[in-house]
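Single-structure report; data block below.
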Amino acid sequence: MIRIEDLRLRFFAGTPDERTALDRVSLEIATGEFAIIVGTNGAGKSTLLNAIAGTARPEAGRIVIDKVDVTPLPVHKRARLIGRVFQDPMAGTVPALTIEENLALASCRGVTRGLRFAIKSAARDAFRATLAQFRLGLEDRLQAVVGTLSGGQRQVIALVMATIRKPEVLLLDEHTAALDPKTAETVMSATSKVVAEHHLTAVMVTHNIRHALVYGSRLLMMDTGRVKLDLSHEQKAAMTPAELISRFGEETDFIALQRG
Amino acid sequence: MDVLLGFWNLIPITLVQSVLYAFVALGVMIPFRILGIPDITSEGAFPLGGCLAAVLLVAGLHPVLATLLAAAAGFLAGAATALVHLKLRVHSLLAGILVVTMLWSVNLRIMGKPNLPLFGLNDLFTWANPDLPQNLTLQLVFLGIILAVIAGGLWLMLHTQVGLALRALGANPQLVPSLGVNFTAYAVAGVGAANAITAASGALSAQLQGYADASMGVGMLVTGLASVILGEAIIGRRTITTQLLAPIVGSIVYFQLTSLALSLGLAPSDLKFATGLFVLCTIGWTTVVRGRARSVFN
């Protein structure tokens, strides 16, 4: 479960360039919920994810993940609760390490690292089994250096790395945006599979309207630092892509939200 | 013919020298290549190790303990550079220059004078074998064993959970915190350990030469860097094994080449210029000719 209370964050505060990225956002995402966030550029979607992950520091408000108030914690200390996949396929993996080294590195998230060998044969078998589910042939290439893989393959590795130890919350920051349409579908179906299999609580930012409607159990739309539309699974199912696009930038949604 | 004979006769002594400086090359390689934090602290950590070990030996400390304490001091110097870089957000090279400049005074304070002779004292080499100071083969074996232990230890360490995190730190610094790695702690430990190796080399060098000198570190970084890129040009750096062997191979080749150059008539005072020119040519070759920008330093 993740609870966000009255979160506020401004860029260039106190200067003429001041811009409000998060305007007193309050939000609760239940355990097992897969929330999708859409919104115009600059609406605050990525800032919200950054604030949850700890790479952006809010000025006010609280973020509670699984009963832990993570607001004061640096990134590495809240990492045990959070798995994250970035937009850039280069960002979520270590290019110079092999597939198995990347997975071994990620499987230490949230545990104290020691002077034990990072890769044991039992772990190798587990890595192989995990990768085999995606049918990309990655399970036969454990010793391949990740830098030599395609963007889509790297993004699947990044997804596995983010979830190899079950996170309390999985953050997906436009993680299919840099991929070609076919690869984006592969990665998105892999994501959906992983989230369902481990009953993950997930938050995904996307600009892909179809993904926003097909995947996830809840749909949030952000605008100028606020959540302006909050659709349940059923409401989302009744929404068409054209209808969703028409809601971008529509002022009346704030009122609709207040009425519940 | 005389020239080549001179070179040939110098091979044993230059081999000892190259093994000694292979430590420095290792200490230079680790921050540059594995941690992705270019660091020049070795220029000050090397004399720090030499000066501290010399003073401790004169004070009557056991040579093993003196050498280990010298390494520990090198660790602190490297850790200081990393902390200045990360906490005060100073570029790592500038942080290194600051620490090296300050270490100059520290080293003079430690010794109380610019140089300190160690003749007749029981040092690490006489402790290992009383015949060692006169026997180049024994020196080579002894230094080779220490080098093998350190390089082997590094190889093992880089395959542990901690080692994997250290390697990831250099390759993707943005990612590692999100995998639960405390960037500052790992970077400080990594740069510290690298400079501990360099300081140990300074301590060994002082004991082998029989004196410590505050200026014994001048040019150390460029020598180390030249060895690293020379070794990488010969055996590559695709795996951890070759990455660790490259500074050692490079150091051996570098000192044979300089010895040859000196035999052929290069003035010793021109050596630093020649080394710098060599480093520049290597960088120029990889970036301009092969079109791989920043390949030498990243």
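Residues in the structure tokens are named by chain (A, B, ... in the order shown) and by number from 1 within that chain; ligands are numbered from 1 in the order shown.
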8 Å contact set for stretch 230-237 of chain A, only C-alpha atoms, chain neighbours under 6 positions out, as a VMD selection string:
chain A and resid 213 216 to 221 257
Selection export as an mmCIF file, in the first residue's frame, atoms kept: N, CA and C atoms:
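Contents of the output file out.cif:
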```cif
data_model
loop_
_atom_site.group_PDB
_atom_site.id
_atom_site.type_symbol
_atom_site.label_atom_id
_atom_site.label_comp_id
_atom_site.auth_asym_id
_atom_site.auth_seq_id
_atom_site.Cartn_x
_atom_site.Cartn_y
_atom_site.Cartn_z
ATOM 1 N N LEU A 213 -5.672 2.321 -21.122
ATOM 2 C CA LEU A 213 -7.030 1.775 -20.992
ATOM 3 C C LEU A 213 -7.034 0.253 -20.893
ATOM 4 N N GLY A 216 -3.871 -2.255 -16.234
ATOM 5 C CA GLY A 216 -4.059 -1.606 -14.951
ATOM 6 C C GLY A 216 -5.459 -1.736 -14.403
ATOM 7 N N SER A 217 -5.573 -1.386 -13.100
ATOM 8 C CA SER A 217 -6.864 -1.512 -12.449
ATOM 9 C C SER A 217 -7.407 -0.151 -12.023
ATOM 10 N N ARG A 218 -6.683 0.905 -12.342
ATOM 11 C CA ARG A 218 -7.126 2.244 -11.953
ATOM 12 C C ARG A 218 -6.424 3.247 -12.868
ATOM 13 N N LEU A 219 -7.121 4.314 -13.196
ATOM 14 C CA LEU A 219 -6.540 5.293 -14.101
ATOM 15 C C LEU A 219 -6.586 6.683 -13.470
ATOM 16 N N LEU A 220 -5.417 7.307 -13.380
ATOM 17 C CA LEU A 220 -5.340 8.661 -12.827
ATOM 18 C C LEU A 220 -4.878 9.601 -13.937
ATOM 19 N N MET A 221 -5.478 10.795 -13.982
ATOM 20 C CA MET A 221 -4.975 11.797 -14.911
ATOM 21 C C MET A 221 -4.475 12.978 -14.098
ATOM 22 N N LEU A 257 -14.311 15.542 -9.876
ATOM 23 C CA LEU A 257 -13.590 14.749 -8.894
ATOM 24 C C LEU A 257 -14.041 15.104 -7.477
#
```
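Near chain A, counting only C-alpha atoms at 9 Å, the chain B residues are Leu156, Met157, Leu158, His159, Thr160, Gln161, Val162, Gly163, Leu164, Ala165, Arg167, Ala168, Leu169, Ala171, Asn172, Gln174, Leu175, Val176, Pro177, Ser178, Leu179, Gly180, Val181, Asn182, Phe183 and Arg238 of chain B.
Of the residues in stretch 5-83 of chain A, those that DSSP places in helix (DSSP H, G or I) on the basis of the backbone are Lys45, Ser46, Thr47, Leu48, Leu49, Asn50, Ala51, Ile52, Ala53, Val75, His76, Lys77 and Arg78 of chain A.
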Please identify all polymer residues within 10 Å of A:Glu33, counting only C-alpha atoms, omitting same-chain residues fewer than 4 positions from it, and present them as number ranges by chain.
A: 1-2, 28-29, 169, 195-196, 199-203, 216-218, 233
Same residues, N, CA and C atoms, output as a PDB file, in the first residue's frame:
```pdb
ATOM      1  N   MET A   1       0.833  -1.198   0.000  1.00  0.00           N
ATOM      2  CA  MET A   1       0.000   0.000   0.000  1.00  0.00           C
ATOM      3  C   MET A   1       0.869   1.249   0.000  1.00  0.00           C
ATOM      4  N   ILE A   2       0.419   2.241  -0.732  1.00  0.00           N
ATOM      5  CA  ILE A   2       1.178   3.484  -0.746  1.00  0.00           C
ATOM      6  C   ILE A   2       0.231   4.659  -0.509  1.00  0.00           C
ATOM      7  N   GLU A  28      -4.097   7.504  -2.449  1.00  0.00           N
ATOM      8  CA  GLU A  28      -3.835   6.231  -1.795  1.00  0.00           C
ATOM      9  C   GLU A  28      -3.958   5.121  -2.823  1.00  0.00           C
ATOM     10  N   ILE A  29      -2.939   4.306  -2.902  1.00  0.00           N
ATOM     11  CA  ILE A  29      -2.982   3.189  -3.854  1.00  0.00           C
ATOM     12  C   ILE A  29      -2.931   1.911  -3.026  1.00  0.00           C
ATOM     13  N   VAL A 169       6.190  -1.629  -3.915  1.00  0.00           N
ATOM     14  CA  VAL A 169       5.606  -0.862  -5.008  1.00  0.00           C
ATOM     15  C   VAL A 169       6.565  -0.870  -6.203  1.00  0.00           C
ATOM     16  N   VAL A 195       3.329  -8.233 -12.990  1.00  0.00           N
ATOM     17  CA  VAL A 195       2.498  -7.580 -11.974  1.00  0.00           C
ATOM     18  C   VAL A 195       1.426  -8.550 -11.469  1.00  0.00           C
ATOM     19  N   ALA A 196       0.801  -9.270 -12.403  1.00  0.00           N
ATOM     20  CA  ALA A 196      -0.259 -10.206 -12.021  1.00  0.00           C
ATOM     21  C   ALA A 196       0.309 -11.373 -11.221  1.00  0.00           C
ATOM     22  N   HIS A 199       1.296 -10.299  -7.752  1.00  0.00           N
ATOM     23  CA  HIS A 199       0.292  -9.433  -7.100  1.00  0.00           C
ATOM     24  C   HIS A 199       0.926  -8.131  -6.648  1.00  0.00           C
ATOM     25  N   LEU A 200       1.619  -7.480  -7.568  1.00  0.00           N
ATOM     26  CA  LEU A 200       2.363  -6.276  -7.202  1.00  0.00           C
ATOM     27  C   LEU A 200       1.459  -5.045  -7.134  1.00  0.00           C
ATOM     28  N   THR A 201       1.844  -4.131  -6.258  1.00  0.00           N
ATOM     29  CA  THR A 201       1.262  -2.808  -6.264  1.00  0.00           C
ATOM     30  C   THR A 201       2.123  -2.005  -7.229  1.00  0.00           C
ATOM     31  N   ALA A 202       1.504  -1.444  -8.274  1.00  0.00           N
ATOM     32  CA  ALA A 202       2.316  -0.800  -9.296  1.00  0.00           C
ATOM     33  C   ALA A 202       1.758   0.555  -9.692  1.00  0.00           C
ATOM     34  N   VAL A 203       2.648   1.464 -10.056  1.00  0.00           N
ATOM     35  CA  VAL A 203       2.259   2.774 -10.576  1.00  0.00           C
ATOM     36  C   VAL A 203       2.989   2.959 -11.893  1.00  0.00           C
ATOM     37  N   GLY A 216      -3.871  -2.255 -16.234  1.00  0.00           N
ATOM     38  CA  GLY A 216      -4.059  -1.606 -14.951  1.00  0.00           C
ATOM     39  C   GLY A 216      -5.459  -1.736 -14.403  1.00  0.00           C
ATOM     40  N   SER A 217      -5.573  -1.386 -13.100  1.00  0.00           N
ATOM     41  CA  SER A 217      -6.864  -1.512 -12.449  1.00  0.00           C
ATOM     42  C   SER A 217      -7.407  -0.151 -12.023  1.00  0.00           C
ATOM     43  N   ARG A 218      -6.683   0.905 -12.342  1.00  0.00           N
ATOM     44  CA  ARG A 218      -7.126   2.244 -11.953  1.00  0.00           C
ATOM     45  C   ARG A 218      -6.424   3.247 -12.868  1.00  0.00           C
ATOM     46  N   HIS A 233     -11.546   0.658 -12.009  1.00  0.00           N
ATOM     47  CA  HIS A 233     -11.432  -0.339 -13.060  1.00  0.00           C
ATOM     48  C   HIS A 233     -12.663  -0.337 -13.967  1.00  0.00           C
TER      49      HIS A 233
END
```
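Atom CA of B:Val100 is found 26.5 Å from atom CA of B:Asp123.
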Can you tell me which residues surround A:Arg135 at a distance of at most 12 Å, considering only C-alpha atoms, apart from same-chain residues fewer than 3 positions away, and format the answer as number ranges by chain?
A: 128-132, 138-140, 153, 156, 186-187, 189-190
What's around B:Glu43 at 8 Å? Count only C-alpha atoms, leave out sequence neighbours fewer than 5 positions away in its own chain, and write the answer as a PDB file with N, CA and C atoms, in the first residue's frame.
```pdb
ATOM      1  N   VAL B 100      46.168  16.223  -2.730  1.00  0.00           N
ATOM      2  CA  VAL B 100      47.600  16.016  -2.991  1.00  0.00           C
ATOM      3  C   VAL B 100      48.414  17.212  -2.502  1.00  0.00           C
ATOM      4  N   GLY B 217      56.588  11.137  -5.138  1.00  0.00           N
ATOM      5  CA  GLY B 217      55.340  10.849  -5.859  1.00  0.00           C
ATOM      6  C   GLY B 217      55.198  11.594  -7.174  1.00  0.00           C
ATOM      7  N   VAL B 218      56.150  12.503  -7.461  1.00  0.00           N
ATOM      8  CA  VAL B 218      55.983  13.348  -8.647  1.00  0.00           C
ATOM      9  C   VAL B 218      55.968  12.504  -9.931  1.00  0.00           C
ATOM     10  N   GLY B 219      54.913  12.657 -10.716  1.00  0.00           N
ATOM     11  CA  GLY B 219      54.813  11.925 -11.976  1.00  0.00           C
ATOM     12  C   GLY B 219      54.224  10.533 -11.841  1.00  0.00           C
ATOM     13  N   MET B 220      53.885  10.164 -10.584  1.00  0.00           N
ATOM     14  CA  MET B 220      53.385   8.819 -10.312  1.00  0.00           C
ATOM     15  C   MET B 220      52.091   8.516 -11.075  1.00  0.00           C
ATOM     16  N   LEU B 221      51.193   9.508 -11.106  1.00  0.00           N
ATOM     17  CA  LEU B 221      49.892   9.292 -11.746  1.00  0.00           C
ATOM     18  C   LEU B 221      50.052   9.019 -13.236  1.00  0.00           C
TER      19      LEU B 221
END
```
Distance query B:Thr258 at most 10 Å, only C-alpha atoms, self and fewer than 6 positions along chain excluded, as a ChimeraX atom specification:
/B:7,14,264,266,268,271,274-275
Quick one: everything within 10 Å of B:Asp39, counting only C-alpha atoms, minus sequence neighbours fewer than 2 positions away in the same chain. Send it as an NGL selection string.
:B and (27-32 or 35-37 or 41-43 or 78 or 81-82 or 85 or 91-97 or 191 or 194-195 or 221)
Any idea what the distance is between atom CA of A:Ala177 and atom CA of A:Gln87?
6.3 Å
